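*Asks:* First the structure, which I've put down as structure tokens, then a few questions once you've had a look.
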Number of protein chains: 2
Amino acid sequence: MTSISTLDVVASRAADSAAAFARTSPRDRADALVAVADALLDHADELIAIGADETGLAVARLTGELTRTAVQLRLFAETIVDGGYLDVRIDAADAGFVLGARPDIRRYLIPLGPVLNFAASNFPFAFSVAGGDTASALAAGCPVIVKAHPGHPRLSARTADVVAEALAGAGMPDGVFQLVEGEEAGVELLGHPLIAAGSFTGSLRAGRILADIATGRDAPIPFFGELGSVNPVFVTVDAITERGADIASGFATSVAGSAGQLCTKPGFVFVPIGHDLDAPIAAAVADVAEHRLLNPRITAGYVERRDAILSTAGVRIVAEGTVRVDDDGQGWVTPTIVSVGLSELEKAGDTLLDESFGPLSILVEYGTGTDLAAAAESLFDGSLTATIHIGDAEESSAVANLVEATTRLAGRVLFGGWPTGVAVTPAMQHGGPWPATTNDSGTSVGSAAIARFLRPVAYQGAPDRLLPEPLRNSNPWDVPQRVAAAGESPTWGENAR
Amino acid sequence: MTSISTLDVVASRAADSAAAFARTSPRDRADALVAVADALLDHADELIAIGADETGLAVARLTGELTRTAVQLRLFAETIVDGGYLDVRIDAADAGFVLGARPDIRRYLIPLGPVLNFAASNFPFAFSVAGGDTASALAAGCPVIVKAHPGHPRLSARTADVVAEALAGAGMPDGVFQLVEGEEAGVELLGHPLIAAGSFTGSLRAGRILADIATGRDAPIPFFGELGSVNPVFVTVDAITERGADIASGFATSVAGSAGQLCTKPGFVFVPIGHDLDAPIAAAVADVAEHRLLNPRITAGYVERRDAILSTAGVRIVAEGTVRVDDDGQGWVTPTIVSVGLSELEKAGDTLLDESFGPLSILVEYGTGTDLAAAAESLFDGSLTATIHIGDAEESSAVANLVEATTRLAGRVLFGGWPTGVAVTPAMQHGGPWPATTNDSGTSVGSAAIARFLRPVAYQGAPDRLLPEPLRNSNPWDVPQRVAAAGESPTWGENAR
């Protein structure tokens with residue numbers, strides 16, 4: 001555990017590095033991110049071995065996750081390298097401005113300052129020490145302090161060494177990357193005046209506590225938490241008719257992957273009564289090997305939720321699955337799939353509707369004429385994703401309404417496919433209305449994640465020599481500059497018609 | 001006052017209009033914003049007469065402010081009309097994606113839903129019913145409910161009529177614009193589940209209360225408050241030598257305008273000992289006519305702050321100014337300028353450092369060798385602006401440090417000039433670190449203000465026929481679409497060096 005008495009030093013080291021780090025060019029920071037990616041891959045065998053031992057996740061899965069983590073770092077290098085993310089806007093001085101002469105104004109985005117990232121348990125690489133939050137904050141030019149997740153302490157410490165060494169080797173200032181351990185250290189640091197923003201991936205309960213700390217400070221700071229998501233899926237009769245077998249197997253695979261310990265696991269699948277998927281789903285699930293849960297705390301939560309669901313009136317077992325708990329509280333599981341009628345789900349409320357973190361999912365059987373859009377809106381709070389399975393040529397107002405309802409509900413709407421497996425790309429959105437995230441304007445996956453850690457500043461009437469590089473006329477970093485020319489303002493609004 | 005029992009109806013009307021409003025094309029909404037601008041100007045004489053009567057602001061000032069309000073609406077029309085603000089990103093499906101085949105993903109920004117705007121007292125047009133928050137939220141496609149400021153109730157009601165009629169005339173859905181009155185109504189609505197975001201311009205005290213309500217809800221919502229700002233100004237010896245007289249007169253004009261009731265009024269001006277500006281400042285201030293304060297509450301606050309400052313040890317009067325309070329508590333004032341030594345300011349702390357809303361400003365006299373950057377950082381919390389007056393050719397590490405320190409402190413850094421008079425342009429930034437604003441990633445002036453009321457949503461693998469217009473291949477709205485082509489991912493990060 002990091003001693004509380006040392007937190008001032010940690011925060012000060014981060015803050016002291018902030019100005020020098022903010023001054024580094026996007027090209028130099030991009031280079032540093034690539035160096036971190038390369039260093040992680042250079043240590044792949046060692047890191048994956050520690051991770052497998054600490055988390056119970058399969059070596060193949062961890063290998064893929066480490067590759068993804070490296071790709072993520074390279075994506076952020078690509079995102080910043082040309083400086084387009086700085087959103088440079090230049091208003092030319094304009095004597096003919098419609099409200100009277102306007103001065104030269106130049107605006108761009110600067111890093112917020114030290115960011116505290118709370119690592120997640122379920123992705124010991126991609127959402128942990130060197131994960132997306134760290135990569136995007138470093139890309140933005142913010143010093144990062146990671147609060148290690150207790151589920152993989154040795155992996156956290158070793159990853160941190162690799163990251164810090166790679167950053168130093170790439171010439172980044174001392175103090176831009178640090179690791180702390182322990183819940184109390186994380187909570188204390190989040191309240192520290194030198195911390196400028198927080199990010200988090202984890203439970204709704206913990207996330208709410210941290211969000212309240214961040215917003216309740218004397219000087220509140222932004223807090224980007226990814227909390228809970230049930231990821232509803234809606235399947236129409238046409239979809240079942242056209243590809244019922246594919247849906248059954250895709251569903252089983254999506255629930256079983258990583259023992260269902262994914263924020264995008266499909267928690268509810270709406271299927272028409274008479275869907276005939278029980279047998280194929282049960283068969284697909286029967287092939288799934290027992291998988292270790294991440295840790296005893298997650299095991300206890302899963303057992304409790306599973307018991308509550310199995311004992312709820314109207315719940316029928318499709319595939320019972322198994323739960324085996326070691327003497328030390330560590331769980332081993334196979335998927336549990338149940339079904340329930342829509343009206344019984346409505347009656348049961350939160351007992352069924354709350355997230356079950358682990359390999360459990362609920363088929364919701366609906367009758368002919370059911371308004372799925374209305375059901376989606378009345379049953380669910382915000383989710384990271386919502387998925388719609390329709391027939392290839394299906395088109396109706398009911399489908400259009402469902403698209404609109406799921407858009408209100410989620411940050412990502414899928415057509416066909418399954419929500420697990422989040423692409424790391426410019427257009428990805430991994431965030432959604434509360435409680436999916438604390439702040440649905442942000443994403444924690446994809447290149448847009450960098451925007452969370454930037455704020456605008458404008459310079460008015462500044463001598464070129466005193467401007468930051470991206471705003472100068474000489475544009476030494478060669479970044480895109482969007483110029484509002486003099487003389488434009490009298491025509492504003494004329495293009496409206 | 002709006003009855004609390006009707007607030008459900010108000011919130012539901014806004015929410016019911018949200019889907020239809022979100023579906024309107026940027027071009028149609030731009031047209032509606034221009035129609036609102038035109039309607040306000042058509043009613044200028046009537047509105048300005050009511051405003052002058054209710055607020056005591058001069059007709060010339062209100063005329064300029066109404067023009068500015070119309071220009072602001074036209075700027076937002078211009079901002080949205082081509083759809084660039086939607087930030088459309090399309091990831092082409094890519095079988096060769098570096099982490100395995102990726103699906104087609106399309107992302108853009110959608111409106112948050114109903115926005116509750118708390119109007120300000122000091123700009124009865126530009127930060128009130130039809131002001132920047134309303135214009136930017138409507139531009140984003142969010143229904144707006146304005147909580148009227150009690151300082152100008154008749155103007156608020158009449159403006160709301162004009163706005164609502166113009167929007168209806170432009171074919172916008174019923175319910176996209178509503179007005180409520182009364183503090184309790186505002187507070188209740190901010191907690192209403194159907195409200196998706198809040199915005200506010202006003203005092204730190206009220207803003208903090210509202211921010212805490214917004215973040216403390218069962219489902220927290222974003223709250224964009226512009227609270228308090230002291231806008232420090234730093235003047236070097238060279239600047240005094242080159243243009244001391246200009247600085248004195250510019251300062252007096254900036255403090256006197258609108259009786260100092262501006263969020264960007266320069267509250268502190270750092271001048272070198274021996275500056276010799278007392279006499280020219282006193283002379284300039286002596287010419288300022290008595291001006292009514294906005295209302296009795298502001299009068300009481302101003303009198304209290306002024307008394308406290310005048311009775312603080314070390315404070316010397318440069319121009320005493322006048323304060324006259326009517327029997328009904330309404331104040332009439334001329335500017336008060338005082339000076340104090342830097343070390344006495346440090347000793348006095350918040351007694352002097354807190355904002356004085358009204359025409360009072362403090363000259364801070366510093367000695368040779370003073371580290372102004374360090375003083376700026378140790379004395380001040382966040383501000384909307386910071387201003388630097390240097391010599392024309394002045395260049396030193398002290399100046400560079402001051403630029404860096406003021407950048408950390410403020411959202412807009414000015415060189416020469418004065419912070420009052422905020423241009424309405426693409427590059428403007430009107431927002432800064434706490435307590436200037438609750439959320440320094442946003443601006444409440446300039447076209448970037450629209451970003452506060454948008455959130456991203458991504459569609460994965462969607463049939464073209466079910467996509468929103470901006471994301472379709474056929475691109476019926478002809479918006480800019482940024483495409484990440486297949487095959488790019490293996491090269492990510494290769495440009496870093």
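Convention: chains lettered A, B, ... in structure tokens order; per-chain residue numbering from 1; ligands numbered from 1 as shown.
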So that I can see what lies close to Ala92 of chain A, please list as a VMD selection string the residues with an atom at most 12 Å from it, counting only C-alpha atoms and leaving out residues fewer than 4 positions away in the same chain.
*Replies:* (chain A and resid 96 to 97 101 to 107 459 to 462 471 473 481 to 489) or (chain B and resid 423 425 to 428)
*Asks:* Restrict the selected residues to C-alpha atoms and save them as a PDB file, in the first residue's frame.
*Replies:*
ATOM      1  CA  GLY A  96     -15.198  45.311 -39.907  1.00  0.00           C
ATOM      2  CA  PHE A  97     -16.551  42.833 -37.345  1.00  0.00           C
ATOM      3  CA  ALA A 101     -13.574  45.795 -34.293  1.00  0.00           C
ATOM      4  CA  ARG A 102     -12.466  42.441 -32.938  1.00  0.00           C
ATOM      5  CA  PRO A 103      -8.924  41.610 -31.872  1.00  0.00           C
ATOM      6  CA  ASP A 104      -6.871  38.627 -33.022  1.00  0.00           C
ATOM      7  CA  ILE A 105      -8.000  35.625 -30.943  1.00  0.00           C
ATOM      8  CA  ARG A 106      -6.357  32.201 -31.026  1.00  0.00           C
ATOM      9  CA  ARG A 107      -7.689  29.170 -29.200  1.00  0.00           C
ATOM     10  CA  TYR A 459      -5.017  34.161 -26.414  1.00  0.00           C
ATOM     11  CA  GLN A 460      -6.173  37.611 -27.398  1.00  0.00           C
ATOM     12  CA  GLY A 461      -3.925  40.135 -29.119  1.00  0.00           C
ATOM     13  CA  ALA A 462      -0.810  38.142 -28.270  1.00  0.00           C
ATOM     14  CA  LEU A 471      -0.925  29.162 -32.522  1.00  0.00           C
ATOM     15  CA  ASN A 473       1.803  32.334 -37.675  1.00  0.00           C
ATOM     16  CA  GLN A 481      -5.131  25.877 -38.092  1.00  0.00           C
ATOM     17  CA  ARG A 482      -8.753  26.787 -38.738  1.00  0.00           C
ATOM     18  CA  VAL A 483      -8.926  30.492 -39.532  1.00  0.00           C
ATOM     19  CA  ALA A 484     -12.012  32.694 -39.345  1.00  0.00           C
ATOM     20  CA  ALA A 485     -11.048  35.414 -41.790  1.00  0.00           C
ATOM     21  CA  ALA A 486     -11.801  39.090 -41.362  1.00  0.00           C
ATOM     22  CA  GLY A 487     -14.958  40.268 -43.055  1.00  0.00           C
ATOM     23  CA  GLU A 488     -17.009  37.081 -42.586  1.00  0.00           C
ATOM     24  CA  SER A 489     -19.288  38.120 -39.768  1.00  0.00           C
TER      25      SER A 489
ATOM     26  CA  ALA B 423     -16.092  38.881 -28.886  1.00  0.00           C
ATOM     27  CA  THR B 425     -16.459  34.318 -32.501  1.00  0.00           C
ATOM     28  CA  PRO B 426     -15.279  30.781 -33.262  1.00  0.00           C
ATOM     29  CA  ALA B 427     -12.065  31.133 -31.222  1.00  0.00           C
ATOM     30  CA  MET B 428     -13.549  32.826 -28.157  1.00  0.00           C
TER      31      MET B 428
END
*Asks:* What are the residues of chain A lining chain B at 6 Å or less? Count only C-alpha atoms, and put the answer as a VMD selection string.
*Replies:* chain A and resid 27 30 to 31 74 to 75 77 to 78 89 to 91 106 to 107 219 411 to 415 427 429 434 441 455 457 to 462 492 to 493 496
*Asks:* Need the shell around Asp328 of chain B: protein/DNA/RNA residues with any atom at most 12 Å away, counting only C-alpha atoms. Skip same-chain ones fewer than 6 positions apart. Format as a PDB file with C-alpha atoms, in the first residue's frame?
*Replies:*
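Once everything was written out, this is around.pdb:
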ATOM      1  CA  ASN B 295     -30.998  45.539  -8.245  1.00  0.00           C
ATOM      2  CA  PRO B 296     -31.111  45.893  -4.437  1.00  0.00           C
ATOM      3  CA  ARG B 297     -29.498  42.497  -3.844  1.00  0.00           C
ATOM      4  CA  THR B 299     -26.445  46.842  -4.251  1.00  0.00           C
ATOM      5  CA  ALA B 300     -26.288  45.271  -0.799  1.00  0.00           C
TER       6      ALA B 300
END
*Asks:* Quick one: DSSP alpha helix (DSSP H) residues in segment 180-276 of chain A, as a ChimeraX atom specification?
*Replies:* /A:183-190,204-216,237-256
*Asks:* Leaving out Phe21 of chain B and any residue of its chain fewer than 6 positions from it, which residues lie within 10 Å of it when counting only C-alpha atoms, given as JSON, numbers by chain?
*Replies:* {"B": [14, 15, 29, 111, 113, 138, 140, 141, 142, 143, 172, 173, 174, 175, 176]}
